[in-house]
Number of protein chains: 2
Amino acid sequence: MNQSRKNHLDERARIIKAMAHPTRLFIIEELEKEERCVCDLTEEIGADVSTVSKHLSVLKQAGIVIDDKRGNQVFYRLRVPCILNFFGCVESVLESNAREHAALFEFTGK
Amino acid sequence: MNQSRKNHLDERARIIKAMAHPTRLFIIEELEKEERCVCDLTEEIGADVSTVSKHLSVLKQAGIVIDDKRGNQVFYRLRVPCILNFFGCVESVLESNAREHAALFEFTGK
DNA sequence: TGGCTTTTTGGTATAATTGCCAAATACTAA
DNA sequence: TTAGTATTTGGCAATTATACCAAAAAGCCA
């Protein structure tokens, strides 16, 4: 594997890793609807503000969200509009897993 | 956040997390072309066989790949055909990041 | 069977992630 | 300036991920 390909894989993994957490997926889903301030997200998520702030920081570092300070609040929104489509494939893996599980149940009864 | 949504987020995060590693992205890319045995992947990746085997196990657990034993070799292939599209969005994030970086360079010279 | 190849599993050391608390920072408004 | 609100940062403990080596398991063939 050459260095250029390795770098490219590292970059992509970094972005995907930024999405690989339930709370951060939640944030992405919410931001698909409309921008949110940290306080609103914190309330919806039900974790410590500092935790939510760090999740947002991970998403921002990866280039997935962008922030906008207005008054003493910080509003976040998606930076790239295609994230919704992004999850289409994840869903089809999930559905495929579910189908397999159901078939296995049919067969073994477990 | 209700329990059903939380479960759904957990499942999706698990699948995305399975992709969130450079070596596993490499494997997915290679399997897009055609199925591969563990030995071929190991040679291309240049890590210990046991390491590659464990990466494959992660992908299999997530339902992303499927294995097929033939003789004393095990061949892996993608289980869901849409993974290639999946990366379209990751690319656009990367390109967006690159553009921003270039613009910043124009502006600050750094 | 015995030797060979391929793959997986167990063990272990190291590194990265996560979540909370406490403290710092930034801004508003009185 | 002082008090109050919103957010970020530093520090720390607990958990999880990663990579390697050694050994086990599974299959081939002489």
# chains A, B, ... in the order shown; residues from 1 in each chain; ligands from 1
>>> residues_around(residues="D:DA22", least_positions_apart="6", cutoff="12 Å", atoms="only C-alpha atoms (C1' of nucleotides)", output="compact mmCIF listing (two decimals) with all heavy atoms, in the first residue's frame")
# COMPACT_ATOMS: atom_id res chain seq x y z
N SER B 50 -2.93 -12.26 12.39
CA SER B 50 -3.92 -12.26 13.48
C SER B 50 -4.62 -10.91 13.58
O SER B 50 -5.80 -10.84 13.87
CB SER B 50 -3.25 -12.61 14.80
OG SER B 50 -2.36 -11.60 15.19
P DT C 9 -12.46 -17.19 16.27
OP1 DT C 9 -13.72 -17.91 16.55
OP2 DT C 9 -12.45 -15.76 15.93
O5' DT C 9 -11.48 -17.40 17.52
C5' DT C 9 -11.08 -18.71 17.87
C4' DT C 9 -10.12 -18.64 19.05
O4' DT C 9 -8.80 -18.27 18.59
C3' DT C 9 -10.50 -17.64 20.14
O3' DT C 9 -10.40 -18.30 21.39
C2' DT C 9 -9.46 -16.53 19.99
C1' DT C 9 -8.26 -17.32 19.47
N1 DT C 9 -7.26 -16.56 18.68
C2 DT C 9 -5.93 -16.74 18.95
O2 DT C 9 -5.52 -17.47 19.85
N3 DT C 9 -5.06 -16.03 18.15
C4 DT C 9 -5.40 -15.19 17.11
O4 DT C 9 -4.54 -14.63 16.46
C5 DT C 9 -6.82 -15.04 16.87
C7 DT C 9 -7.29 -14.13 15.78
C6 DT C 9 -7.68 -15.73 17.66
P DG C 10 -10.84 -17.58 22.73
OP1 DG C 10 -11.64 -18.55 23.51
OP2 DG C 10 -11.40 -16.26 22.39
O5' DG C 10 -9.45 -17.37 23.49
C5' DG C 10 -8.55 -18.47 23.66
C4' DG C 10 -7.34 -18.02 24.46
O4' DG C 10 -6.39 -17.39 23.56
C3' DG C 10 -7.62 -17.01 25.57
O3' DG C 10 -6.78 -17.35 26.68
C2' DG C 10 -7.23 -15.67 24.94
C1' DG C 10 -6.08 -16.09 24.00
N9 DG C 10 -5.91 -15.26 22.82
C8 DG C 10 -6.90 -14.78 21.99
N7 DG C 10 -6.43 -14.09 20.98
C5 DG C 10 -5.06 -14.12 21.15
C6 DG C 10 -4.02 -13.55 20.36
O6 DG C 10 -4.12 -12.89 19.33
N1 DG C 10 -2.77 -13.81 20.90
C2 DG C 10 -2.53 -14.53 22.03
N2 DG C 10 -1.25 -14.68 22.39
N3 DG C 10 -3.49 -15.08 22.78
C4 DG C 10 -4.72 -14.83 22.27
P DG C 11 -6.82 -16.50 28.03
OP1 DG C 11 -6.69 -17.45 29.15
OP2 DG C 11 -7.97 -15.57 27.96
O5' DG C 11 -5.48 -15.64 27.94
C5' DG C 11 -4.26 -16.29 27.59
C4' DG C 11 -3.15 -15.26 27.52
O4' DG C 11 -3.15 -14.63 26.23
C3' DG C 11 -3.28 -14.14 28.57
O3' DG C 11 -2.02 -13.93 29.18
C2' DG C 11 -3.71 -12.93 27.74
C1' DG C 11 -3.07 -13.22 26.39
N9 DG C 11 -3.74 -12.60 25.26
C8 DG C 11 -5.10 -12.56 25.01
N7 DG C 11 -5.41 -11.94 23.90
C5 DG C 11 -4.19 -11.53 23.39
C6 DG C 11 -3.90 -10.80 22.21
O6 DG C 11 -4.67 -10.35 21.36
N1 DG C 11 -2.52 -10.59 22.06
C2 DG C 11 -1.56 -11.03 22.95
N2 DG C 11 -0.30 -10.73 22.64
N3 DG C 11 -1.82 -11.71 24.06
C4 DG C 11 -3.15 -11.92 24.21
P DT C 12 -1.89 -12.92 30.44
OP1 DT C 12 -0.96 -13.54 31.39
OP2 DT C 12 -3.25 -12.51 30.86
O5' DT C 12 -1.17 -11.67 29.77
C5' DT C 12 -0.16 -11.87 28.78
C4' DT C 12 0.28 -10.52 28.22
O4' DT C 12 -0.51 -10.21 27.05
C3' DT C 12 0.09 -9.35 29.19
O3' DT C 12 1.20 -8.49 29.11
C2' DT C 12 -1.16 -8.68 28.66
C1' DT C 12 -0.94 -8.87 27.16
N1 DT C 12 -2.15 -8.71 26.32
C2 DT C 12 -2.01 -8.16 25.07
O2 DT C 12 -0.94 -7.80 24.62
N3 DT C 12 -3.17 -8.04 24.36
C4 DT C 12 -4.44 -8.40 24.76
O4 DT C 12 -5.40 -8.23 24.03
C5 DT C 12 -4.52 -8.97 26.09
C7 DT C 12 -5.86 -9.39 26.64
C6 DT C 12 -3.39 -9.09 26.79
>>> interface_residues(of="chain A", to="chain B", cutoff="9 Å", atoms="only C-alpha atoms", output="number ranges by chain")
A: 1, 6-26, 44-46, 62-64, 79-83, 85-94, 96-97
>>> closest_atom_pairs(of="chain D", to="chain A", cutoff="8 Å", atoms="only C-alpha atoms (C1' of nucleotides)", output="CSV")
residue,atom,partner,partner_atom,distance
D:DT5,C1',A:Asn72,CA,7.8
D:DA6,C1',A:Asn72,CA,5.7
D:DT7,C1',A:Ser53,CA,7.4
D:DT8,C1',A:Ser53,CA,7.1
>>> calpha_fit_and_write(fixed="chain A", moving="chain B", output="short mmCIF file (atom, residue, chain, number, x, y, z; two decimals) with N, CA and C atoms, in the first residue's frame")
data_model
loop_
_atom_site.label_atom_id
_atom_site.label_comp_id
_atom_site.auth_asym_id
_atom_site.auth_seq_id
_atom_site.Cartn_x
_atom_site.Cartn_y
_atom_site.Cartn_z
N MET B 1 0.84 -1.22 -0.03
CA MET B 1 -0.01 -0.03 -0.02
C MET B 1 0.86 1.23 0.01
N ASN B 2 0.64 2.13 -0.94
CA ASN B 2 1.50 3.32 -0.98
C ASN B 2 1.08 4.38 0.05
N GLN B 3 1.97 5.36 0.22
CA GLN B 3 1.76 6.35 1.27
C GLN B 3 0.52 7.21 1.00
N SER B 4 0.32 7.54 -0.27
CA SER B 4 -0.82 8.38 -0.62
C SER B 4 -2.14 7.71 -0.26
N ARG B 5 -2.20 6.42 -0.58
CA ARG B 5 -3.44 5.71 -0.25
C ARG B 5 -3.63 5.60 1.26
N LYS B 6 -2.53 5.36 1.94
CA LYS B 6 -2.58 5.27 3.40
C LYS B 6 -3.10 6.57 4.02
N ASN B 7 -2.59 7.69 3.51
CA ASN B 7 -3.05 8.99 4.02
C ASN B 7 -4.54 9.18 3.80
N HIS B 8 -4.96 8.80 2.59
CA HIS B 8 -6.36 8.96 2.26
C HIS B 8 -7.24 8.12 3.18
N LEU B 9 -6.81 6.90 3.43
CA LEU B 9 -7.56 6.02 4.33
C LEU B 9 -7.61 6.60 5.74
N ASP B 10 -6.48 7.16 6.18
CA ASP B 10 -6.45 7.76 7.52
C ASP B 10 -7.45 8.91 7.63
N GLU B 11 -7.46 9.75 6.60
CA GLU B 11 -8.37 10.90 6.64
C GLU B 11 -9.83 10.45 6.68
N ARG B 12 -10.14 9.49 5.82
CA ARG B 12 -11.52 9.01 5.78
C ARG B 12 -11.90 8.35 7.10
N ALA B 13 -10.99 7.58 7.64
CA ALA B 13 -11.28 6.90 8.91
C ALA B 13 -11.53 7.94 10.01
N ARG B 14 -10.80 9.03 9.97
CA ARG B 14 -10.96 10.06 10.99
C ARG B 14 -12.39 10.65 10.95
N ILE B 15 -12.86 10.88 9.73
CA ILE B 15 -14.20 11.44 9.58
C ILE B 15 -15.26 10.44 10.00
N ILE B 16 -15.09 9.20 9.57
CA ILE B 16 -16.08 8.18 9.94
C ILE B 16 -16.07 7.94 11.45
N LYS B 17 -14.86 7.96 12.02
CA LYS B 17 -14.76 7.76 13.47
C LYS B 17 -15.51 8.86 14.23
N ALA B 18 -15.48 10.06 13.66
CA ALA B 18 -16.18 11.17 14.32
C ALA B 18 -17.68 10.92 14.38
N MET B 19 -18.18 10.11 13.47
CA MET B 19 -19.62 9.80 13.47
C MET B 19 -19.95 8.56 14.27
N ALA B 20 -18.93 7.85 14.67
CA ALA B 20 -19.14 6.50 15.23
C ALA B 20 -19.45 6.54 16.73
N HIS B 21 -20.43 7.31 17.10
CA HIS B 21 -20.84 7.35 18.51
C HIS B 21 -22.32 7.73 18.56
N PRO B 22 -23.11 7.03 19.37
CA PRO B 22 -24.56 7.27 19.39
C PRO B 22 -24.92 8.74 19.63
N THR B 23 -24.26 9.36 20.56
CA THR B 23 -24.59 10.77 20.85
C THR B 23 -24.28 11.67 19.66
N ARG B 24 -23.18 11.38 18.99
CA ARG B 24 -22.83 12.22 17.85
C ARG B 24 -23.76 11.95 16.66
N LEU B 25 -24.22 10.72 16.52
CA LEU B 25 -25.22 10.44 15.49
C LEU B 25 -26.51 11.20 15.79
N PHE B 26 -26.87 11.22 17.06
CA PHE B 26 -28.06 11.97 17.47
C PHE B 26 -27.92 13.44 17.09
N ILE B 27 -26.78 14.00 17.40
CA ILE B 27 -26.53 15.41 17.08
C ILE B 27 -26.68 15.64 15.58
N ILE B 28 -26.08 14.76 14.78
CA ILE B 28 -26.16 14.91 13.33
C ILE B 28 -27.62 14.87 12.87
N GLU B 29 -28.37 13.92 13.40
CA GLU B 29 -29.79 13.82 13.03
C GLU B 29 -30.55 15.09 13.37
N GLU B 30 -30.28 15.60 14.56
CA GLU B 30 -31.00 16.81 14.98
C GLU B 30 -30.63 18.00 14.11
N LEU B 31 -29.34 18.09 13.79
CA LEU B 31 -28.90 19.23 12.98
C LEU B 31 -29.38 19.14 11.54
N GLU B 32 -29.78 17.94 11.13
CA GLU B 32 -30.38 17.81 9.80
C GLU B 32 -31.68 18.62 9.73
N LYS B 33 -32.38 18.64 10.85
CA LYS B 33 -33.66 19.37 10.89
C LYS B 33 -33.40 20.87 10.88
N GLU B 34 -32.58 21.32 11.81
CA GLU B 34 -32.25 22.74 11.88
C GLU B 34 -31.10 22.95 12.87
N GLU B 35 -30.50 24.11 12.81
CA GLU B 35 -29.39 24.39 13.71
C GLU B 35 -29.86 24.36 15.16
N ARG B 36 -28.94 24.09 16.08
CA ARG B 36 -29.25 24.03 17.50
C ARG B 36 -28.14 24.66 18.31
N CYS B 37 -28.52 25.24 19.44
CA CYS B 37 -27.49 25.72 20.36
C CYS B 37 -27.07 24.57 21.26
N VAL B 38 -25.93 24.72 21.90
CA VAL B 38 -25.41 23.67 22.77
C VAL B 38 -26.40 23.34 23.88
N CYS B 39 -27.05 24.38 24.40
CA CYS B 39 -27.97 24.16 25.52
C CYS B 39 -29.15 23.28 25.12
N ASP B 40 -29.73 23.51 23.94
CA ASP B 40 -30.84 22.68 23.48
C ASP B 40 -30.40 21.23 23.31
N LEU B 41 -29.28 21.05 22.63
CA LEU B 41 -28.77 19.69 22.42
C LEU B 41 -28.52 19.00 23.77
N THR B 42 -27.94 19.75 24.69
CA THR B 42 -27.63 19.18 26.00
C THR B 42 -28.91 18.68 26.68
N GLU B 43 -29.95 19.48 26.60
CA GLU B 43 -31.21 19.08 27.23
C GLU B 43 -31.77 17.82 26.58
N GLU B 44 -31.73 17.79 25.24
CA GLU B 44 -32.27 16.62 24.53
C GLU B 44 -31.47 15.35 24.82
N ILE B 45 -30.17 15.53 24.96
CA ILE B 45 -29.30 14.36 25.13
C ILE B 45 -29.31 13.87 26.58
N GLY B 46 -29.37 14.82 27.50
CA GLY B 46 -29.43 14.42 28.91
C GLY B 46 -28.09 14.03 29.49
N ALA B 47 -27.00 14.58 28.98
CA ALA B 47 -25.68 14.35 29.56
C ALA B 47 -25.15 15.69 30.07
N ASP B 48 -23.98 15.67 30.66
CA ASP B 48 -23.36 16.90 31.13
C ASP B 48 -23.05 17.81 29.93
N VAL B 49 -23.18 19.13 30.15
CA VAL B 49 -22.88 20.07 29.06
C VAL B 49 -21.48 19.88 28.53
N SER B 50 -20.56 19.64 29.41
CA SER B 50 -19.16 19.52 28.97
C SER B 50 -18.98 18.32 28.05
N THR B 51 -19.75 17.28 28.34
CA THR B 51 -19.69 16.09 27.48
C THR B 51 -20.21 16.42 26.09
N VAL B 52 -21.34 17.10 26.05
CA VAL B 52 -21.93 17.46 24.75
C VAL B 52 -20.99 18.40 24.00
N SER B 53 -20.42 19.33 24.69
CA SER B 53 -19.50 20.27 24.06
C SER B 53 -18.33 19.55 23.43
N LYS B 54 -17.84 18.53 24.14
CA LYS B 54 -16.71 17.78 23.58
C LYS B 54 -17.12 16.95 22.36
N HIS B 55 -18.32 16.41 22.38
CA HIS B 55 -18.79 15.70 21.19
C HIS B 55 -18.88 16.65 20.00
N LEU B 56 -19.39 17.85 20.26
CA LEU B 56 -19.50 18.84 19.18
C LEU B 56 -18.12 19.22 18.66
N SER B 57 -17.19 19.27 19.55
CA SER B 57 -15.82 19.60 19.15
C SER B 57 -15.23 18.54 18.23
N VAL B 58 -15.54 17.28 18.52
CA VAL B 58 -15.08 16.19 17.65
C VAL B 58 -15.67 16.33 16.25
N LEU B 59 -16.96 16.61 16.20
CA LEU B 59 -17.64 16.76 14.90
C LEU B 59 -17.10 17.97 14.14
N LYS B 60 -16.77 19.01 14.87
CA LYS B 60 -16.25 20.22 14.24
C LYS B 60 -14.84 19.98 13.69
N GLN B 61 -14.02 19.33 14.49
CA GLN B 61 -12.66 19.00 14.04
C GLN B 61 -12.68 18.18 12.76
N ALA B 62 -13.66 17.32 12.64
CA ALA B 62 -13.74 16.45 11.46
C ALA B 62 -14.32 17.18 10.26
N GLY B 63 -14.85 18.40 10.48
CA GLY B 63 -15.43 19.15 9.36
C GLY B 63 -16.87 18.79 9.09
N ILE B 64 -17.53 18.14 10.04
CA ILE B 64 -18.91 17.71 9.82
C ILE B 64 -19.90 18.81 10.20
N VAL B 65 -19.57 19.54 11.25
CA VAL B 65 -20.44 20.66 11.65
C VAL B 65 -19.65 21.96 11.67
N ILE B 66 -20.39 23.03 11.78
CA ILE B 66 -19.78 24.35 11.82
C ILE B 66 -20.49 25.11 12.93
N ASP B 67 -19.78 25.99 13.62
CA ASP B 67 -20.42 26.70 14.73
C ASP B 67 -20.53 28.19 14.43
N ASP B 68 -21.44 28.80 15.14
CA ASP B 68 -21.79 30.19 14.88
C ASP B 68 -22.18 30.80 16.23
N LYS B 69 -21.36 31.70 16.72
CA LYS B 69 -21.63 32.28 18.03
C LYS B 69 -22.54 33.49 17.89
N ARG B 70 -23.63 33.47 18.63
CA ARG B 70 -24.55 34.60 18.61
C ARG B 70 -24.93 34.91 20.05
N GLY B 71 -24.53 36.06 20.53
CA GLY B 71 -24.73 36.38 21.94
C GLY B 71 -23.88 35.43 22.76
N ASN B 72 -24.41 34.93 23.81
CA ASN B 72 -23.61 34.00 24.60
C ASN B 72 -23.94 32.55 24.28
N GLN B 73 -24.65 32.35 23.18
CA GLN B 73 -24.94 30.99 22.75
C GLN B 73 -24.12 30.64 21.52
N VAL B 74 -23.87 29.35 21.36
CA VAL B 74 -23.19 28.88 20.16
C VAL B 74 -24.12 27.94 19.41
N PHE B 75 -24.40 28.26 18.17
CA PHE B 75 -25.27 27.44 17.35
C PHE B 75 -24.45 26.58 16.41
N TYR B 76 -24.85 25.33 16.30
CA TYR B 76 -24.16 24.40 15.41
C TYR B 76 -25.10 24.00 14.28
N ARG B 77 -24.50 23.80 13.11
CA ARG B 77 -25.28 23.25 12.00
C ARG B 77 -24.38 22.36 11.15
N LEU B 78 -25.00 21.53 10.30
CA LEU B 78 -24.21 20.64 9.45
C LEU B 78 -23.46 21.47 8.43
N ARG B 79 -22.26 21.05 8.13
CA ARG B 79 -21.45 21.78 7.16
C ARG B 79 -21.65 21.23 5.76
N VAL B 80 -21.99 19.96 5.67
CA VAL B 80 -22.14 19.28 4.40
C VAL B 80 -23.54 18.68 4.36
N PRO B 81 -24.30 18.94 3.31
CA PRO B 81 -25.72 18.59 3.31
C PRO B 81 -26.03 17.12 3.08
N CYS B 82 -25.05 16.32 2.71
CA CYS B 82 -25.36 14.97 2.23
C CYS B 82 -25.41 13.92 3.33
N ILE B 83 -25.22 14.35 4.58
CA ILE B 83 -25.09 13.35 5.65
C ILE B 83 -26.30 12.43 5.74
N LEU B 84 -27.48 12.96 5.44
CA LEU B 84 -28.68 12.12 5.52
C LEU B 84 -28.55 10.90 4.61
N ASN B 85 -28.14 11.14 3.37
CA ASN B 85 -27.95 10.04 2.43
C ASN B 85 -26.92 9.05 2.96
N PHE B 86 -25.94 9.62 3.61
CA PHE B 86 -24.85 8.81 4.13
C PHE B 86 -25.37 7.61 4.92
N PHE B 87 -26.47 7.82 5.61
CA PHE B 87 -26.95 6.76 6.48
C PHE B 87 -27.80 5.72 5.76
N GLY B 88 -28.11 5.98 4.51
CA GLY B 88 -28.91 5.02 3.78
C GLY B 88 -28.29 3.63 3.80
N CYS B 89 -27.01 3.59 3.61
CA CYS B 89 -26.33 2.30 3.57
C CYS B 89 -26.28 1.64 4.93
N VAL B 90 -26.07 2.45 5.95
CA VAL B 90 -26.07 1.89 7.30
C VAL B 90 -27.40 1.23 7.57
N GLU B 91 -28.47 1.89 7.14
CA GLU B 91 -29.79 1.30 7.32
C GLU B 91 -29.92 -0.03 6.61
N SER B 92 -29.38 -0.10 5.39
CA SER B 92 -29.55 -1.34 4.65
C SER B 92 -28.74 -2.47 5.29
N VAL B 93 -27.63 -2.12 5.91
CA VAL B 93 -26.90 -3.15 6.67
C VAL B 93 -27.75 -3.61 7.84
N LEU B 94 -28.33 -2.67 8.53
CA LEU B 94 -29.18 -3.01 9.68
C LEU B 94 -30.34 -3.90 9.27
N GLU B 95 -30.99 -3.52 8.17
CA GLU B 95 -32.14 -4.31 7.70
C GLU B 95 -31.70 -5.71 7.28
N SER B 96 -30.54 -5.74 6.66
CA SER B 96 -29.99 -7.02 6.24
C SER B 96 -29.70 -7.89 7.47
N ASN B 97 -29.12 -7.27 8.49
CA ASN B 97 -28.86 -8.00 9.73
C ASN B 97 -30.16 -8.52 10.34
N ALA B 98 -31.18 -7.67 10.32
CA ALA B 98 -32.46 -8.05 10.92
C ALA B 98 -33.09 -9.22 10.16
N ARG B 99 -33.01 -9.15 8.83
CA ARG B 99 -33.56 -10.25 8.03
C ARG B 99 -32.87 -11.56 8.33
N GLU B 100 -31.56 -11.49 8.44
CA GLU B 100 -30.79 -12.70 8.71
C GLU B 100 -31.17 -13.27 10.06
N HIS B 101 -31.30 -12.38 11.01
CA HIS B 101 -31.66 -12.80 12.36
C HIS B 101 -33.03 -13.48 12.36
N ALA B 102 -33.97 -12.89 11.61
CA ALA B 102 -35.31 -13.45 11.53
C ALA B 102 -35.28 -14.82 10.86
N ALA B 103 -34.50 -14.95 9.80
CA ALA B 103 -34.39 -16.23 9.09
C ALA B 103 -33.80 -17.29 10.00
N LEU B 104 -32.81 -16.89 10.77
CA LEU B 104 -32.17 -17.81 11.70
C LEU B 104 -33.16 -18.27 12.75
N PHE B 105 -34.01 -17.33 13.18
CA PHE B 105 -35.02 -17.65 14.18
C PHE B 105 -36.02 -18.66 13.62
N GLU B 106 -36.48 -18.40 12.38
CA GLU B 106 -37.36 -19.34 11.69
C GLU B 106 -36.77 -20.75 11.73
N PHE B 107 -35.48 -20.79 11.50
CA PHE B 107 -34.82 -22.07 11.30
C PHE B 107 -34.52 -22.81 12.60
N THR B 108 -34.03 -22.06 13.57
CA THR B 108 -33.57 -22.71 14.81
C THR B 108 -34.54 -22.52 15.96
N GLY B 109 -35.42 -21.51 15.82
CA GLY B 109 -36.33 -21.22 16.92
C GLY B 109 -35.69 -20.46 18.06
N LYS B 110 -34.43 -20.05 17.89
CA LYS B 110 -33.76 -19.32 18.99
C LYS B 110 -33.82 -17.81 18.79
#
>>> atom_distance(atom1="atom C1' of C:DT1", atom2="atom C1' of D:DC29")
11.8 Å
